[in-house]
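Engineer: Attaching a single structure in structure tokens format; questions to follow.
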Amino acid sequence: MRLFEIKLVNQEAAAYAVKMWHYSKTLPKIKLIRFGVFENNEFIGVIIFSPGASPFLGYSIGLDQTEVCELTRIALSKHETPVSQLVAECLRKLKLLNPGIRCVVSFADPKEGHKGGIYQAGNWIFTGVSSQVVEYFLDGRWAHTRGVYNRKDRPFAPTRTTPGKFRYLFPLDKKMRRQLIPLGLKYPNAIEGLEESRSNSVTEELVQSQPIARKNQDASR
């Protein structure tokens with residue numbers, strides 16, 4: 001018997017999981033692909049993909065909006081299966097449902113203590129850190145400039161500058177991987193499991209660097 005199962009779930013299930021087990025407590029207000037995660041027939045959370053907040057998500061790697069998406073949320077309760085294994089199964093199902101998608105992008109937020117251990121364990125390609133972001137405190141929470149730019153009260157709200165996020169790419173076909181490997185950088189130190197919302201979730205403490213990216217980087221020295 002399989003320990004876990006991945007299947008599509010509705011908006012209500014996704015919203016519940018994010019509210020319970022993700023630090024943001026919110027779902028993006030865009031089209032989502034919502035994969036529910038079940039262990040021993042028990043619902044333990046969601047892994048969610050979306051077109052991403054930026055229409056230029058794939059611009060730097062030569063992909064249009066129909067060929068790239070973002071891993072937007074990993075919201076899990078206590079579980080036994082390594083997160084990287086759950087994500088890998090979701091990526092497989094994502095490709096089956098959307099054969100035109102060639103690459104998935106995800107960001108690890110250092111201000112939440114994340115450096116991308118889950119992605120490192122899953123052999124994603126690390127391509128650096130995004131630019132710093134200015135956030136505004138509105139409606140009781142910090143919001144990205146992009147989401148509140150047109151609000152009349154934005155200029156009067158408290159602000160903070162947050163560090164850039166660690167950017168990871170996962171190619172979904174061999175040609176795309178060959179194209180992205182030269183962009184790969186040495187992984188930042190991280191521990192798989194930090195992306196989880198609950199401290200009692202299982203972690204994998206040993207994370208191996210992505211061998212192909214490391215080999216390519218050594219050869220360029």
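Scheme for the structure tokens: letters A, B, ... for chains in order shown; per-chain residue numbers from 1; ligand numbers from 1 in order shown.
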Give me every strand (DSSP E or B) residue in chain A, going by DSSP on the backbone, as a PDB file with C-alpha atoms, in the first residue's frame.

Structural biologist:
```
ATOM      1  CA  PHE A   4       0.841   8.802   0.318  1.00  0.00           C
ATOM      2  CA  GLU A   5      -1.475   9.882  -2.483  1.00  0.00           C
ATOM      3  CA  ILE A   6      -1.614  13.087  -4.521  1.00  0.00           C
ATOM      4  CA  LYS A   7      -4.875  14.210  -6.121  1.00  0.00           C
ATOM      5  CA  LEU A   8      -6.577  17.442  -7.146  1.00  0.00           C
ATOM      6  CA  ILE A  33      -3.557  24.001  -9.705  1.00  0.00           C
ATOM      7  CA  ARG A  34      -4.246  22.535  -6.257  1.00  0.00           C
ATOM      8  CA  PHE A  35      -2.770  19.153  -5.397  1.00  0.00           C
ATOM      9  CA  GLY A  36      -4.003  17.651  -2.153  1.00  0.00           C
ATOM     10  CA  VAL A  37      -1.626  15.471  -0.156  1.00  0.00           C
ATOM     11  CA  PHE A  38      -2.976  12.423   1.682  1.00  0.00           C
ATOM     12  CA  GLU A  39      -1.120  10.039   3.981  1.00  0.00           C
ATOM     13  CA  GLU A  42      -5.793  11.424   5.789  1.00  0.00           C
ATOM     14  CA  PHE A  43      -5.671  14.918   4.254  1.00  0.00           C
ATOM     15  CA  ILE A  44      -2.431  16.566   5.401  1.00  0.00           C
ATOM     16  CA  GLY A  45      -2.123  19.600   3.140  1.00  0.00           C
ATOM     17  CA  VAL A  46      -1.618  20.988  -0.338  1.00  0.00           C
ATOM     18  CA  ILE A  47       1.042  21.770  -2.894  1.00  0.00           C
ATOM     19  CA  ILE A  48      -0.097  24.543  -5.218  1.00  0.00           C
ATOM     20  CA  PHE A  49       1.080  25.780  -8.612  1.00  0.00           C
ATOM     21  CA  SER A  50       0.074  28.993 -10.378  1.00  0.00           C
ATOM     22  CA  VAL A  68       6.283  28.135 -17.202  1.00  0.00           C
ATOM     23  CA  CYS A  69       4.551  28.185 -13.830  1.00  0.00           C
ATOM     24  CA  GLU A  70       5.408  28.788 -10.190  1.00  0.00           C
ATOM     25  CA  LEU A  71       5.276  26.447  -7.223  1.00  0.00           C
ATOM     26  CA  THR A  72       3.335  28.885  -5.063  1.00  0.00           C
ATOM     27  CA  ARG A  73       2.501  27.132  -1.784  1.00  0.00           C
ATOM     28  CA  ILE A  74       3.603  24.099   0.203  1.00  0.00           C
ATOM     29  CA  ALA A  75       1.255  23.850   3.175  1.00  0.00           C
ATOM     30  CA  LEU A  76       1.557  20.610   5.123  1.00  0.00           C
ATOM     31  CA  CYS A 103       9.762  24.624 -16.383  1.00  0.00           C
ATOM     32  CA  VAL A 104       8.623  25.314 -12.815  1.00  0.00           C
ATOM     33  CA  VAL A 105      10.018  28.199 -10.767  1.00  0.00           C
ATOM     34  CA  SER A 106       9.963  28.477  -6.992  1.00  0.00           C
ATOM     35  CA  PHE A 107      11.302  30.942  -4.459  1.00  0.00           C
ATOM     36  CA  ALA A 108      12.579  30.307  -0.932  1.00  0.00           C
ATOM     37  CA  ILE A 125      18.671  24.236 -10.211  1.00  0.00           C
ATOM     38  CA  PHE A 126      19.593  27.207  -8.023  1.00  0.00           C
ATOM     39  CA  THR A 127      20.047  30.395 -10.090  1.00  0.00           C
ATOM     40  CA  GLY A 128      20.641  33.089  -7.484  1.00  0.00           C
ATOM     41  CA  VAL A 129      18.744  35.621  -5.407  1.00  0.00           C
ATOM     42  CA  VAL A 133      11.394  44.136  -2.240  1.00  0.00           C
ATOM     43  CA  VAL A 134       9.600  47.008  -0.519  1.00  0.00           C
ATOM     44  CA  GLU A 135       6.523  45.902   1.436  1.00  0.00           C
ATOM     45  CA  TYR A 136       3.693  47.990   2.908  1.00  0.00           C
ATOM     46  CA  PHE A 137       1.782  47.246   6.098  1.00  0.00           C
ATOM     47  CA  LEU A 138      -1.890  47.466   5.118  1.00  0.00           C
ATOM     48  CA  ARG A 141      -0.361  42.451   7.161  1.00  0.00           C
ATOM     49  CA  TRP A 142       2.714  43.153   5.045  1.00  0.00           C
ATOM     50  CA  ALA A 143       1.986  43.290   1.308  1.00  0.00           C
ATOM     51  CA  HIS A 144       4.238  43.339  -1.752  1.00  0.00           C
ATOM     52  CA  THR A 159       7.196  50.178   4.906  1.00  0.00           C
ATOM     53  CA  ARG A 160      10.007  47.660   5.162  1.00  0.00           C
ATOM     54  CA  THR A 161      12.620  46.353   2.734  1.00  0.00           C
ATOM     55  CA  THR A 162      12.861  42.581   2.609  1.00  0.00           C
ATOM     56  CA  PHE A 166      16.410  32.258  -3.406  1.00  0.00           C
ATOM     57  CA  ARG A 167      15.332  31.262  -6.917  1.00  0.00           C
ATOM     58  CA  TYR A 168      15.094  27.615  -8.015  1.00  0.00           C
ATOM     59  CA  LEU A 169      14.144  26.167 -11.407  1.00  0.00           C
ATOM     60  CA  PHE A 170      12.932  22.673 -12.272  1.00  0.00           C
ATOM     61  CA  PRO A 171      12.970  21.774 -15.989  1.00  0.00           C
ATOM     62  CA  GLU A 192      15.009  20.108   3.834  1.00  0.00           C
ATOM     63  CA  GLU A 204      15.672  15.554   6.101  1.00  0.00           C
TER      64      GLU A 204
END
```

Engineer: Please provide the set of residues having any atom within 12 Å of Gln65 in chain A, restricted to only C-alpha atoms, with same-chain residues fewer than 5 positions apart removed, written as a PyMOL selection string.

Structural biologist: chain A and resi 50-60+70+100-105

Engineer: Once you have the residues from the selection above, write them out as a PDB file, in the first residue's frame, restricted to N, CA and C atoms.

Structural biologist:
```pdb
ATOM      1  N   SER A  50       0.829  27.897  -9.782  1.00  0.00           N
ATOM      2  CA  SER A  50       0.074  28.993 -10.378  1.00  0.00           C
ATOM      3  C   SER A  50       0.879  29.591 -11.521  1.00  0.00           C
ATOM      4  N   PRO A  51       0.269  30.484 -12.321  1.00  0.00           N
ATOM      5  CA  PRO A  51       1.038  31.156 -13.376  1.00  0.00           C
ATOM      6  C   PRO A  51       2.115  32.089 -12.826  1.00  0.00           C
ATOM      7  N   GLY A  52       2.061  32.380 -11.532  1.00  0.00           N
ATOM      8  CA  GLY A  52       3.035  33.289 -10.932  1.00  0.00           C
ATOM      9  C   GLY A  52       2.530  34.713 -10.903  1.00  0.00           C
ATOM     10  N   ALA A  53       3.098  35.510 -10.018  1.00  0.00           N
ATOM     11  CA  ALA A  53       2.651  36.889  -9.857  1.00  0.00           C
ATOM     12  C   ALA A  53       3.116  37.788 -10.991  1.00  0.00           C
ATOM     13  N   SER A  54       4.197  37.420 -11.657  1.00  0.00           N
ATOM     14  CA  SER A  54       4.753  38.250 -12.726  1.00  0.00           C
ATOM     15  C   SER A  54       4.485  37.628 -14.092  1.00  0.00           C
ATOM     16  N   PRO A  55       4.054  38.435 -15.075  1.00  0.00           N
ATOM     17  CA  PRO A  55       3.864  37.915 -16.436  1.00  0.00           C
ATOM     18  C   PRO A  55       5.194  37.607 -17.122  1.00  0.00           C
ATOM     19  N   PHE A  56       6.301  38.008 -16.498  1.00  0.00           N
ATOM     20  CA  PHE A  56       7.626  37.796 -17.081  1.00  0.00           C
ATOM     21  C   PHE A  56       8.388  36.676 -16.367  1.00  0.00           C
ATOM     22  N   LEU A  57       7.656  35.772 -15.726  1.00  0.00           N
ATOM     23  CA  LEU A  57       8.269  34.719 -14.924  1.00  0.00           C
ATOM     24  C   LEU A  57       9.297  33.916 -15.720  1.00  0.00           C
ATOM     25  N   GLY A  58       8.990  33.598 -16.983  1.00  0.00           N
ATOM     26  CA  GLY A  58       9.893  32.784 -17.781  1.00  0.00           C
ATOM     27  C   GLY A  58      10.696  33.553 -18.809  1.00  0.00           C
ATOM     28  N   TYR A  59      10.608  34.880 -18.756  1.00  0.00           N
ATOM     29  CA  TYR A  59      11.237  35.711 -19.795  1.00  0.00           C
ATOM     30  C   TYR A  59      12.741  35.474 -19.896  1.00  0.00           C
ATOM     31  N   SER A  60      13.416  35.395 -18.755  1.00  0.00           N
ATOM     32  CA  SER A  60      14.878  35.288 -18.760  1.00  0.00           C
ATOM     33  C   SER A  60      15.387  33.952 -19.290  1.00  0.00           C
ATOM     34  N   GLU A  70       4.723  28.636 -11.474  1.00  0.00           N
ATOM     35  CA  GLU A  70       5.408  28.788 -10.190  1.00  0.00           C
ATOM     36  C   GLU A  70       4.838  27.817  -9.161  1.00  0.00           C
ATOM     37  N   GLY A 100       2.320  21.228 -21.989  1.00  0.00           N
ATOM     38  CA  GLY A 100       3.016  22.373 -22.580  1.00  0.00           C
ATOM     39  C   GLY A 100       3.967  23.074 -21.623  1.00  0.00           C
ATOM     40  N   ILE A 101       3.840  22.811 -20.327  1.00  0.00           N
ATOM     41  CA  ILE A 101       4.716  23.464 -19.352  1.00  0.00           C
ATOM     42  C   ILE A 101       6.093  22.809 -19.392  1.00  0.00           C
ATOM     43  N   ARG A 102       7.131  23.646 -19.482  1.00  0.00           N
ATOM     44  CA  ARG A 102       8.493  23.136 -19.632  1.00  0.00           C
ATOM     45  C   ARG A 102       9.369  23.397 -18.404  1.00  0.00           C
ATOM     46  N   CYS A 103       8.931  24.303 -17.537  1.00  0.00           N
ATOM     47  CA  CYS A 103       9.762  24.624 -16.383  1.00  0.00           C
ATOM     48  C   CYS A 103       8.889  25.144 -15.241  1.00  0.00           C
ATOM     49  N   VAL A 104       9.289  24.807 -14.015  1.00  0.00           N
ATOM     50  CA  VAL A 104       8.623  25.314 -12.815  1.00  0.00           C
ATOM     51  C   VAL A 104       9.638  26.148 -12.034  1.00  0.00           C
ATOM     52  N   VAL A 105       9.182  27.291 -11.551  1.00  0.00           N
ATOM     53  CA  VAL A 105      10.018  28.199 -10.767  1.00  0.00           C
ATOM     54  C   VAL A 105       9.494  28.225  -9.340  1.00  0.00           C
TER      55      VAL A 105
END
```

Engineer: Determine the nearest neighbour of His22 in chain A from the options A:Val9, A:Asp64, A:Glu112, A:Asn40, counting only C-alpha atoms.

Structural biologist: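 Looking only at the distances to His22 in chain A, the closest residue turns out to be A:Glu112.
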
Engineer: Nearest to Gln179 in chain A: which of A:Ile30, A:Thr81, A:Tyr16, A:Gly62 is it, counting only C-alpha atoms?

Structural biologist: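 Ranking A:Ile30, A:Thr81, A:Tyr16, A:Gly62 by distance to Gln179 in chain A, first place goes to A:Gly62.
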
Engineer: Given only C-alpha atoms as the basis, pick out the residue of A:Ala121, A:Ile61, A:Leu3, A:Ala88 nearest to Tyr187 in chain A.

Structural biologist: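 Going through A:Ala121, A:Ile61, A:Leu3, A:Ala88 one by one, the smallest distance to Tyr187 in chain A is for A:Ala121.
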
Engineer: Smallest atom-to-atom distance to Ile191 in chain A: which of A:Pro110, A:Ile118, A:Arg92, A:Ala14, using only C-alpha atoms?

Structural biologist: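 Counting only C-alpha atoms, the residue closest to Ile191 in chain A is A:Ile118.
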
Engineer: For the helix (DSSP H, G or I) assignment from backbone DSSP, which residues of chain A qualify? Please present them as a ChimeraX atom specification.

Structural biologist: /A:11-21,59-61,83-97,110-112,117-121,145-148,154-156,174-183,211-219

Engineer: For Asn123 in chain A, which residue among A:Leu96, A:Ile181, A:Val148, A:Ala157 is the nearest when counting only C-alpha atoms?

Structural biologist: A:Ile181
